[in-house]
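For reference, the structure discussed in these notes is given below.
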Amino acid sequence: MRFSDKFGMAWSSLTKRKLRTFLTILGVMIGIASIVIMMGLGEGLKLQTMEMIEEYGGIRTVEVREGSGQNAGSNGGTAASGDATQYKLTDAALAEIEKIPHVESVYPVLEFQAEMEVGKYRYSIWGGKAMPLDVLKNMKWEFAGGAWPEEDDELQFVYGNLVLQDFQDSRGNNIYWNTGKLPDVDLMTARIYTIFDTESYYASKQKATDSGVTALTADGQMNNTAKPPTPPKKYQVPTAGVLAGDTGEYKEYSWGVYCDIEALKKMYKKAFKNKAIPGQPLRKNGKPYPELFYSSLMVIADDVANVETIQQEIGDMGYQTNSNSEWIRQTEQQSRSQQAMLGGIGAVSLLVAAIGIANTMMMSIYERTKEIGVMKVLGCGLFDIQQLFLVEAGLIGLFGGTAGLFVSVLICLIINKITGLATAMIPVWLYPVSIIFAVIVSMLAGYAPSKRAMSLSALDAIRSNG
Amino acid sequence: MGNPVITAEKVYKVYKLGEERLRALNGVSLSVGKGEFVAIVGTSGSGKSTLLNMLAGLDKPTKGAIVIGGQHIESMSEAELVKFRREHVGFIFQAYDLLPQLDAVENVALPLSFKGVSKRVRTKKAEQMLKQVGLEKYLKHRPNQMSGGQQQRVGIARALVVGPEIIFADEPTGNLDTKTTLEVLHILKDVVHNGGNTLIMVTHDNNLASFADRRIHIIDGEIVYED
Ligand SMILES: Nc1ncnc2c1ncn2[C@@H]1O[C@H](COP(=O)(O)OP(=O)(O)OP(=O)(O)O)[C@@H](O)[C@H]1O
Ligand SMILES: [Mg+2]
C-alpha cells in the first residue's frame, strides 16, 4: 500500500469524526502548549539570571586581592618575612597570574581617595577607581558629555552621574540632601582642584580650625608642634567626561570617579615623592614601600567553565580571590530545577493528552472492527493496517503540536507584553522539536491500539455487527 | 474439468465447547475447476460458512489440506494468508460491507490500493468494473446513498477488480428481496462467466443454487451429494 493512500485513509477517518478528532487534537495542543510555555518561562528565567550575573560584573572575572598567604599551597609557603611583597599585588604578581592557563587577560585596579575643591564646594572621592584606559573604554559606558581621554599622559577624571549629589558646602553639609537641589556646578567646565595627600590636608585643616590641639599627621606620629603643617599642593585635574544617567538613576558607575591608572601613577609620583600614599600599606618601620601596590587585579578567564579552576589556582598562590562562579553555579542550578519543575508540569498535561489519544484510537478501532476485518479479508497487509492507525495518531500529534506551538508563542508574547520583560523566551530549537515531540508522543500513544487493530481476527471482525 | 483451481482434502473443523466437541466439518473433500460456478447448499448450521472460510483462508482447518493454485494455504501464517488473499482471492459479503466513508469508485478501488496500484490506474479500473455491474450512474455515491442491490453490485465489482483466480461469496443475496436477488445473481453469473472467474457461493436456498453450474449439498459438516 502506498503511503499516500495510507495518509488519505487516515485523513478520511479523521475528518469523518470531526468533533472527536478536534477534541483529541485540543488535548495534544494543551499538552504541548503547556510544555512549551513552561520551557519558555524557564528559558526566560535563565536568560534573566544570566543577564543579572552579567550586570554583576561579568561571569568570567575573578577579582584578586592582597592575600595573607594563609591559603597558599606548598609552592607559596616560603616564609613571608615582615616586609616581603609576597601576596601583595605588584606588577610581578600580575605577570605571574597572567601565566596561569586559561587566563585571557589581567588588569590592575587602583582604588584612590582624594579631596576636591570646586568653587565654594567640597567633594571627597572615596570610590575612585583607576584602571588601564583600554579596560575603561571597553566598559562601553555611555557619556552625558565628554569621553575617555585619548592618551594616558595627563591625568583626567570621568565622573559618575550621581557624583554631584555628594557635594558638600564648606562646613561639610551635603547640599543635595539638605536642599534637594544639586549644586550649580558643571563638572565639564568647572575649575576643580584635587588634593591627593588627604592626610596632610585634613591635618592642616584641623590645625587651622583648632590650633594647638593634638593632631595626627601623615606619619601617624603624635605631633604637638605649634606650627601648623603646610597644606599639601592642589592640582587642577581636567574633566574628561561625565557619564550618562538621570538624577536617581543608579548604574554601577554612578557614584564613582574614574581615571587612567598610568596617569594616576605619574600624578602620585609628583604629589607624594617619598611620602606614604593613603590606602597603601607601610613597612614595619612605618616607611612606605618604594613601589605602588594595586588594590585588586581583575583576571578574565577565557571561558566561564574555567573560572573556578583559575580562582582555585590563584587562591593556592596565597591571594584572596572573589568571583561570581559559586553564586552563578547556585543560580544556574536553581534555574535548572525551576525549569525542570515547570517542564514537569507541562509533561503531566502532555501525558494526559497522550492517554486521550490512546483512548480515541481505541474507540476508533472498536468502532471500526468490522471495517478493519473487511480490509483484512480483502488483503490489506497487517503492517499497512498498523501504519494506518499510526499515521492517524501522528496526524493528531502534528496538528496538536503545531496548534500548541502557535498558542504558546502567542501566550508568551502576551505574558511578555504584560510583564514588559522577556519573561518567557521560547528557544528557536524548540519550534521543530515540540512538533516532532508531539508526533512521536502521539504515535507512541497510538502504538498499542494500532497493534490491536493489526492482530484483530478477520473472521471475528466480519462476523461482528459493525 | 481441467486443472482444479481449488481442492480440499479431508478437511475437518472441530470446535471445542467446554467438554463437548462439535464437528462443524467432518472430512470434506472437494475440487473446483477453473471458470466453474459452484454453490454450497445446506440448511442453517450445516457448516457452509465454516467450509467457505476454510477455503478462503480466513480460518484454519483442524485437519486436512486446502490447495489453491498449487499452494497449500492451511499451513500459511496470518501475514502470508493476507498476501495470498490480496493476490488470488475475491470476497463478496452478505452485508456488502462497503467502507461508509468511501464512494463507489473508491470502494471498488480499495483492494487495488492494498496492492500499491496508483490512484489513477485503480480509479480507471474501478470505473470499468462498476460499468460492468451496471452502476455507471452511481460512481460517486456513498454506500448510504445506494440501495442494497446497488451496494451488493459494488461489492461484486470490488471482488472482481483484482482479477482473482477464485471468488468466495457467503449468502451474497441474503439481505436482498427476491427481485433484487435475481438481478444480482444474474449480474454475478454474467460477470463471472465473461471474466472466466471461478466462483464459490454459499446459500441455503435451492432455487438460488440452481444458478450455479454445480451444487454441493452439505449436511452436518459432510458432503452428502453433488449435482
Ligand atoms: N466459532 C465457533 N465456535 C463454536 N462453534 C461454531 C463456531 N462457528 C461455527 N460453529 C458451529 O459450527 C456449525 C456450523 O456453522 P456455520 O456457521 O458453518 O453454519 P452455516 O451452515 O453457515 O449456517 P447459516 O446458514 O445459518 O449461516 C454450527 O453448529 C455452529 O454452531
Ligand atoms: Mg453461514
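In the C-alpha cells, the first chain shown is A, the next is B, and so on; residue numbers restart at 1 for each chain, and ligands run from 1 in the order shown.
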
Selection near Asn178 (chain A), 12 Å with only C-alpha atoms, sequence-local residues under 3 positions removed, as a tab-separated table (two decimals) with all heavy atoms, in the first residue's frame:
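Written file, selection17.tsv:
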```tsv
chain	number	residue	atom	x	y	z
A	165	GLN	N	25.63	64.71	43.66
A	165	GLN	CA	24.79	64.57	44.85
A	165	GLN	C	25.61	64.47	46.13
A	165	GLN	O	25.08	64.56	47.23
A	165	GLN	CB	23.89	63.34	44.73
A	165	GLN	CG	22.85	63.49	43.65
A	165	GLN	CD	21.90	62.31	43.60
A	165	GLN	OE1	21.84	61.51	44.52
A	165	GLN	NE2	21.14	62.24	42.53
A	166	ASP	N	26.90	64.20	45.98
A	166	ASP	CA	27.77	64.05	47.15
A	166	ASP	C	28.52	65.34	47.50
A	166	ASP	O	29.34	65.36	48.41
A	166	ASP	CB	28.79	62.93	46.91
A	166	ASP	CG	28.31	61.62	47.49
A	166	ASP	OD1	27.23	61.63	48.14
A	166	ASP	OD2	28.98	60.60	47.31
A	167	PHE	N	28.25	66.40	46.78
A	167	PHE	CA	28.96	67.66	47.05
A	167	PHE	C	28.52	68.27	48.38
A	167	PHE	O	27.35	68.18	48.76
A	167	PHE	CB	28.71	68.65	45.89
A	167	PHE	CG	29.71	68.50	44.79
A	167	PHE	CD1	29.99	67.24	44.26
A	167	PHE	CD2	30.39	69.60	44.27
A	167	PHE	CE1	30.91	67.08	43.24
A	167	PHE	CE2	31.31	69.45	43.25
A	167	PHE	CZ	31.58	68.19	42.73
A	168	GLN	N	29.48	68.86	49.05
A	168	GLN	CA	29.19	69.47	50.35
A	168	GLN	C	29.55	70.95	50.31
A	168	GLN	O	30.34	71.38	49.47
A	168	GLN	CB	30.04	68.79	51.43
A	168	GLN	CG	29.73	67.32	51.57
A	168	GLN	CD	30.74	66.61	52.44
A	168	GLN	OE1	31.83	67.13	52.69
A	168	GLN	NE2	30.38	65.43	52.90
A	169	ASP	N	28.95	71.67	51.25
A	169	ASP	CA	29.37	73.07	51.38
A	169	ASP	C	30.62	73.13	52.25
A	169	ASP	O	31.10	72.10	52.73
A	169	ASP	CB	28.23	73.93	51.91
A	169	ASP	CG	27.79	73.51	53.29
A	169	ASP	OD1	28.60	72.85	53.99
A	169	ASP	OD2	26.65	73.80	53.67
A	172	GLY	N	30.78	71.23	55.43
A	172	GLY	CA	30.68	69.78	55.39
A	172	GLY	C	29.25	69.27	55.31
A	172	GLY	O	28.99	68.09	55.55
A	173	ASN	N	28.29	70.14	55.00
A	173	ASN	CA	26.90	69.68	54.89
A	173	ASN	C	26.59	69.30	53.45
A	173	ASN	O	26.92	70.02	52.51
A	173	ASN	CB	25.94	70.78	55.33
A	173	ASN	CG	26.14	71.14	56.78
A	173	ASN	OD1	26.34	70.26	57.62
A	173	ASN	ND2	26.15	72.44	57.07
A	174	ASN	N	25.92	68.18	53.33
A	174	ASN	CA	25.56	67.71	51.99
A	174	ASN	C	24.47	68.61	51.40
A	174	ASN	O	23.41	68.78	51.99
A	174	ASN	CB	25.06	66.26	52.05
A	174	ASN	CG	24.79	65.71	50.67
A	174	ASN	OD1	23.95	66.24	49.94
A	174	ASN	ND2	25.49	64.65	50.32
A	175	ILE	N	24.76	69.16	50.24
A	175	ILE	CA	23.84	70.14	49.66
A	175	ILE	C	22.58	69.49	49.15
A	175	ILE	O	21.47	69.95	49.42
A	175	ILE	CB	24.55	70.90	48.52
A	175	ILE	CG1	25.69	71.71	49.12
A	175	ILE	CG2	23.59	71.77	47.75
A	175	ILE	CD1	26.75	72.09	48.16
A	181	LYS	N	18.46	70.28	46.07
A	181	LYS	CA	18.91	70.81	44.78
A	181	LYS	C	20.36	70.44	44.57
A	181	LYS	O	21.15	70.38	45.52
A	181	LYS	CB	18.75	72.34	44.75
A	181	LYS	CG	17.36	72.75	44.28
A	181	LYS	CD	17.30	74.26	44.10
A	181	LYS	CE	16.27	74.82	45.02
A	181	LYS	NZ	16.43	76.16	45.44
A	182	LEU	N	20.71	70.21	43.34
A	182	LEU	CA	22.10	69.90	43.03
A	182	LEU	C	22.88	71.21	43.02
A	182	LEU	O	22.34	72.26	42.66
A	182	LEU	CB	22.21	69.23	41.66
A	182	LEU	CG	21.70	67.78	41.61
A	182	LEU	CD1	21.71	67.29	40.16
A	182	LEU	CD2	22.57	66.87	42.47
A	183	PRO	N	24.15	71.18	43.43
A	183	PRO	CA	24.96	72.39	43.34
A	183	PRO	C	25.08	72.84	41.88
A	183	PRO	O	25.12	72.00	40.98
A	183	PRO	CB	26.32	71.96	43.89
A	183	PRO	CG	26.32	70.47	43.84
A	183	PRO	CD	24.90	70.05	43.97
```

Please determine the contact residues of chain A with respect to chain B at a cut-off of 10 Å, counting only C-alpha atoms, and supply them as a PyMOL selection string.
chain A and resi 1-6+9+12-13+15-16+368+370-385+455+457-460+462+465-466

With a distance cut-off of 12 Å and only C-alpha atoms, select the neighbouring residues of region 290-293 of chain A, excluding the residue or stretch itself and same-chain residues fewer than 2 positions from it, and output the selection as a PyMOL selection string.
chain A and resi 65-66+83+85-94+108-112+261-262+264-266+268-269+272-283+287-288+295-297

Atoms to include: C-alpha atoms. Write the selected residues as a short mmCIF file (atom, residue, chain, number, x, y, z; two decimals), in the first residue's frame.
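The resulting again-v8.cif:
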```
data_model
loop_
_atom_site.label_atom_id
_atom_site.label_comp_id
_atom_site.auth_asym_id
_atom_site.auth_seq_id
_atom_site.Cartn_x
_atom_site.Cartn_y
_atom_site.Cartn_z
CA ARG A 65 43.06 40.98 46.38
CA GLU A 66 46.10 41.06 48.55
CA ASP A 83 58.44 43.48 54.56
CA THR A 85 56.00 41.96 48.95
CA GLN A 86 54.70 38.42 48.63
CA TYR A 87 50.91 38.18 48.37
CA LYS A 88 50.81 41.90 47.59
CA LEU A 89 49.52 42.98 44.21
CA THR A 90 52.60 44.04 42.32
CA ASP A 91 53.36 44.02 38.61
CA ALA A 92 55.29 40.82 39.24
CA ALA A 93 52.18 39.22 40.73
CA LEU A 94 50.22 40.38 37.72
CA PRO A 108 45.05 46.11 37.68
CA VAL A 109 42.67 48.33 39.61
CA LEU A 110 43.89 51.06 41.91
CA GLU A 111 41.32 52.49 44.23
CA PHE A 112 42.07 56.02 45.30
CA ILE A 261 45.91 54.06 36.05
CA GLU A 262 49.16 55.10 34.35
CA LEU A 264 47.37 58.37 38.24
CA LYS A 265 50.70 56.67 38.94
CA LYS A 266 52.54 59.59 37.40
CA TYR A 268 51.20 60.06 42.63
CA LYS A 269 54.92 60.31 41.96
CA PHE A 272 53.82 62.21 47.15
CA LYS A 273 57.51 61.85 46.26
CA ASN A 274 58.57 59.55 49.09
CA LYS A 275 55.66 60.14 51.37
CA ALA A 276 53.11 57.46 52.23
CA ILE A 277 50.13 57.28 49.92
CA PRO A 278 46.82 56.91 51.77
CA GLY A 279 45.44 53.40 51.44
CA GLN A 280 48.86 51.90 50.63
CA PRO A 281 50.49 49.53 53.13
CA LEU A 282 53.55 50.59 55.15
CA ARG A 283 56.70 48.75 56.15
CA LYS A 287 58.09 53.89 55.99
CA PRO A 288 56.34 53.42 52.66
CA SER A 295 44.01 47.40 45.13
CA SER A 296 42.91 44.46 43.07
CA LEU A 297 43.69 42.54 39.93
#
```

Near His193 (chain B), counting only C-alpha atoms, which residues have an atom at most 9 Å away, once you skip same-chain residues fewer than 3 positions from it, shown as a ChimeraX atom specification?
/B:35-37,188-190,196-198

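Going from CA of His141 (chain B) to CA of Gln128 (chain B) covers 15.5 Å.
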
List every residue of chain B that has an atom at most 12 Å from any atom of ligand 2, giving for each one its closest atom pair and the distance in Å to one decimal, counting only C-alpha atoms and all ligand atoms, sorted by chain and then by ascending residue number, as a Markdown table.
```
| residue | atom | partner | partner_atom_place_in_ligand_line | distance |
| --- | --- | --- | --- | --- |
| B:Ala24 | CA | ligand 2 | 1 (Mg) | 11.5 |
| B:Ile40 | CA | ligand 2 | 1 (Mg) | 10.5 |
| B:Val41 | CA | ligand 2 | 1 (Mg) | 10.3 |
| B:Gly42 | CA | ligand 2 | 1 (Mg) | 9.5 |
| B:Thr43 | CA | ligand 2 | 1 (Mg) | 9.2 |
| B:Ser44 | CA | ligand 2 | 1 (Mg) | 6.9 |
| B:Gly45 | CA | ligand 2 | 1 (Mg) | 7.1 |
| B:Ser46 | CA | ligand 2 | 1 (Mg) | 8.4 |
| B:Gly47 | CA | ligand 2 | 1 (Mg) | 7.1 |
| B:Lys48 | CA | ligand 2 | 1 (Mg) | 5.8 |
| B:Ser49 | CA | ligand 2 | 1 (Mg) | 4.1 |
| B:Thr50 | CA | ligand 2 | 1 (Mg) | 7.2 |
| B:Leu51 | CA | ligand 2 | 1 (Mg) | 9.3 |
| B:Leu52 | CA | ligand 2 | 1 (Mg) | 8.8 |
| B:Asn53 | CA | ligand 2 | 1 (Mg) | 9.6 |
| B:Phe93 | CA | ligand 2 | 1 (Mg) | 10.9 |
| B:Gln94 | CA | ligand 2 | 1 (Mg) | 9.3 |
| B:Ala169 | CA | ligand 2 | 1 (Mg) | 10.5 |
| B:Asp170 | CA | ligand 2 | 1 (Mg) | 6.8 |
| B:Glu171 | CA | ligand 2 | 1 (Mg) | 7.3 |
| B:Pro172 | CA | ligand 2 | 1 (Mg) | 10.7 |
| B:Gly174 | CA | ligand 2 | 1 (Mg) | 10.0 |
| B:Met201 | CA | ligand 2 | 1 (Mg) | 11.0 |
| B:Val202 | CA | ligand 2 | 1 (Mg) | 7.6 |
| B:Thr203 | CA | ligand 2 | 1 (Mg) | 8.1 |
| B:His204 | CA | ligand 2 | 1 (Mg) | 8.6 |
```

Just want the 9 Å neighbourhood of His217 (chain B), counted on only C-alpha atoms, with same-chain residues fewer than 2 positions away dropped. Output as a PyMOL selection string.
chain B and resi 39-42+215+219+222-227

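Here CA of Ala422 (chain A) stands at a distance of 13.2 Å from CA of Met39 (chain A).
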
Can you list, as a PyMOL selection string, all residues belonging to chain B that DSSP tags as strand (DSSP E or B)?
chain B and resi 4-17+20-33+37-41+63-68+71-72+89-92+166-170+198-203+214-219+222-226

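Picture a line from CA of Glu98 (chain A) to CA of Val299 (chain A); it runs 8.0 Å.
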
Among the residues A:Asp184, A:Ser124, A:Asp260, A:Ala424, the one that comes closest to Gln48 (chain A) [using only C-alpha atoms]
A:Ala424

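Minimum distance to Val163 (chain A) across A:Ile357, A:Ile30, A:Val185, A:Met131 (counting only C-alpha atoms) occurs at A:Val185.
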
Excluding Tyr193 (chain A) and any residue of its chain fewer than 4 positions from it, enumerate the residues within 12 Å of it, using only C-alpha atoms, and give them as a PyMOL selection string.
chain A and resi 114-124+156-157+187+232-239

Got time to write the residues from that selection, N, CA and C atoms, as a PDB file, in the first residue's frame?
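And here is the file that came out, again-v1.pdb:
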```pdb
ATOM      1  N   ALA A 114      40.656  61.060  47.336  1.00  0.00           N
ATOM      2  CA  ALA A 114      41.153  62.423  47.120  1.00  0.00           C
ATOM      3  C   ALA A 114      40.101  63.397  47.624  1.00  0.00           C
ATOM      4  N   GLU A 115      40.548  64.598  47.868  1.00  0.00           N
ATOM      5  CA  GLU A 115      39.612  65.665  48.235  1.00  0.00           C
ATOM      6  C   GLU A 115      39.554  66.640  47.079  1.00  0.00           C
ATOM      7  N   MET A 116      38.404  67.243  46.893  1.00  0.00           N
ATOM      8  CA  MET A 116      38.271  68.191  45.791  1.00  0.00           C
ATOM      9  C   MET A 116      37.679  69.486  46.294  1.00  0.00           C
ATOM     10  N   GLU A 117      38.116  70.552  45.689  1.00  0.00           N
ATOM     11  CA  GLU A 117      37.531  71.861  45.961  1.00  0.00           C
ATOM     12  C   GLU A 117      37.041  72.412  44.637  1.00  0.00           C
ATOM     13  N   VAL A 118      35.743  72.684  44.589  1.00  0.00           N
ATOM     14  CA  VAL A 118      35.133  73.213  43.373  1.00  0.00           C
ATOM     15  C   VAL A 118      34.423  74.498  43.784  1.00  0.00           C
ATOM     16  N   GLY A 119      35.062  75.588  43.542  1.00  0.00           N
ATOM     17  CA  GLY A 119      34.492  76.856  43.994  1.00  0.00           C
ATOM     18  C   GLY A 119      34.269  76.810  45.491  1.00  0.00           C
ATOM     19  N   LYS A 120      33.024  77.052  45.894  1.00  0.00           N
ATOM     20  CA  LYS A 120      32.743  77.043  47.325  1.00  0.00           C
ATOM     21  C   LYS A 120      32.389  75.650  47.830  1.00  0.00           C
ATOM     22  N   TYR A 121      32.402  74.664  46.923  1.00  0.00           N
ATOM     23  CA  TYR A 121      32.006  73.312  47.325  1.00  0.00           C
ATOM     24  C   TYR A 121      33.208  72.422  47.560  1.00  0.00           C
ATOM     25  N   ARG A 122      32.918  71.397  48.350  1.00  0.00           N
ATOM     26  CA  ARG A 122      33.949  70.382  48.576  1.00  0.00           C
ATOM     27  C   ARG A 122      33.383  69.011  48.250  1.00  0.00           C
ATOM     28  N   TYR A 123      34.282  68.133  47.834  1.00  0.00           N
ATOM     29  CA  TYR A 123      33.839  66.784  47.479  1.00  0.00           C
ATOM     30  C   TYR A 123      34.940  65.802  47.837  1.00  0.00           C
ATOM     31  N   SER A 124      34.557  64.704  48.511  1.00  0.00           N
ATOM     32  CA  SER A 124      35.527  63.663  48.856  1.00  0.00           C
ATOM     33  C   SER A 124      35.334  62.462  47.939  1.00  0.00           C
ATOM     34  N   GLN A 156      43.190  62.826  33.866  1.00  0.00           N
ATOM     35  CA  GLN A 156      41.877  63.431  33.663  1.00  0.00           C
ATOM     36  C   GLN A 156      40.841  62.539  34.322  1.00  0.00           C
ATOM     37  N   PHE A 157      39.802  63.152  34.856  1.00  0.00           N
ATOM     38  CA  PHE A 157      38.791  62.364  35.560  1.00  0.00           C
ATOM     39  C   PHE A 157      37.508  62.236  34.747  1.00  0.00           C
ATOM     40  N   LEU A 187      30.427  70.009  35.856  1.00  0.00           N
ATOM     41  CA  LEU A 187      31.704  69.314  36.041  1.00  0.00           C
ATOM     42  C   LEU A 187      32.601  69.410  34.816  1.00  0.00           C
ATOM     43  N   PRO A 232      48.957  70.600  51.711  1.00  0.00           N
ATOM     44  CA  PRO A 232      49.545  69.970  50.511  1.00  0.00           C
ATOM     45  C   PRO A 232      49.139  70.711  49.243  1.00  0.00           C
ATOM     46  N   LYS A 233      49.872  70.393  48.217  1.00  0.00           N
ATOM     47  CA  LYS A 233      49.635  71.070  46.937  1.00  0.00           C
ATOM     48  C   LYS A 233      48.302  70.614  46.330  1.00  0.00           C
ATOM     49  N   LYS A 234      47.613  71.577  45.687  1.00  0.00           N
ATOM     50  CA  LYS A 234      46.363  71.250  44.995  1.00  0.00           C
ATOM     51  C   LYS A 234      46.648  71.170  43.504  1.00  0.00           C
ATOM     52  N   TYR A 235      46.080  70.175  42.880  1.00  0.00           N
ATOM     53  CA  TYR A 235      46.292  70.017  41.440  1.00  0.00           C
ATOM     54  C   TYR A 235      44.988  70.262  40.707  1.00  0.00           C
ATOM     55  N   GLN A 236      45.071  70.971  39.618  1.00  0.00           N
ATOM     56  CA  GLN A 236      43.856  71.154  38.824  1.00  0.00           C
ATOM     57  C   GLN A 236      43.778  70.019  37.803  1.00  0.00           C
ATOM     58  N   VAL A 237      42.858  69.095  38.052  1.00  0.00           N
ATOM     59  CA  VAL A 237      42.711  67.931  37.155  1.00  0.00           C
ATOM     60  C   VAL A 237      41.547  68.192  36.211  1.00  0.00           C
ATOM     61  N   PRO A 238      41.807  68.178  34.926  1.00  0.00           N
ATOM     62  CA  PRO A 238      40.709  68.446  33.991  1.00  0.00           C
ATOM     63  C   PRO A 238      39.684  67.303  33.971  1.00  0.00           C
ATOM     64  N   THR A 239      38.467  67.648  33.592  1.00  0.00           N
ATOM     65  CA  THR A 239      37.407  66.645  33.469  1.00  0.00           C
ATOM     66  C   THR A 239      37.369  66.130  32.036  1.00  0.00           C
TER      67      THR A 239
END
```

Taking the DSSP secondary structure from the backbone, can you list the residues of region 302-340 of chain A that are alpha helix (DSSP H), as a PyMOL selection string?
chain A and resi 307-316+325-340

Set the distance at 8 Å and use only C-alpha atoms: which residues neighbour Gly404 (chain A) once local chain neighbours fewer than 6 positions away are removed? I'd like the list as a CSV table (one decimal) with N, CA, C and O atoms, in the first residue's frame.
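Written output follows (part.csv):
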```csv
chain,number,residue,atom,x,y,z
A,28,VAL,N,-3.9,17.4,22.8
A,28,VAL,CA,-2.5,17.5,22.4
A,28,VAL,C,-2.0,18.9,22.5
A,28,VAL,O,-0.9,19.2,22.9
A,29,MET,N,-2.8,19.8,21.9
A,29,MET,CA,-2.5,21.2,21.8
A,29,MET,C,-2.2,21.7,23.2
A,29,MET,O,-1.2,22.4,23.5
A,30,ILE,N,-3.1,21.4,24.1
A,30,ILE,CA,-2.9,21.9,25.5
A,30,ILE,C,-1.7,21.3,26.1
A,30,ILE,O,-0.9,22.1,26.8
A,31,GLY,N,-1.5,20.1,25.9
A,31,GLY,CA,-0.3,19.4,26.4
A,31,GLY,C,1.0,20.1,25.9
A,31,GLY,O,1.9,20.4,26.7
A,32,ILE,N,1.1,20.2,24.6
A,32,ILE,CA,2.3,20.8,24.0
A,32,ILE,C,2.5,22.2,24.4
A,32,ILE,O,3.5,22.7,24.8
A,33,ALA,N,1.3,23.0,24.4
A,33,ALA,CA,1.4,24.4,24.8
A,33,ALA,C,1.9,24.5,26.2
A,33,ALA,O,2.8,25.4,26.4
```
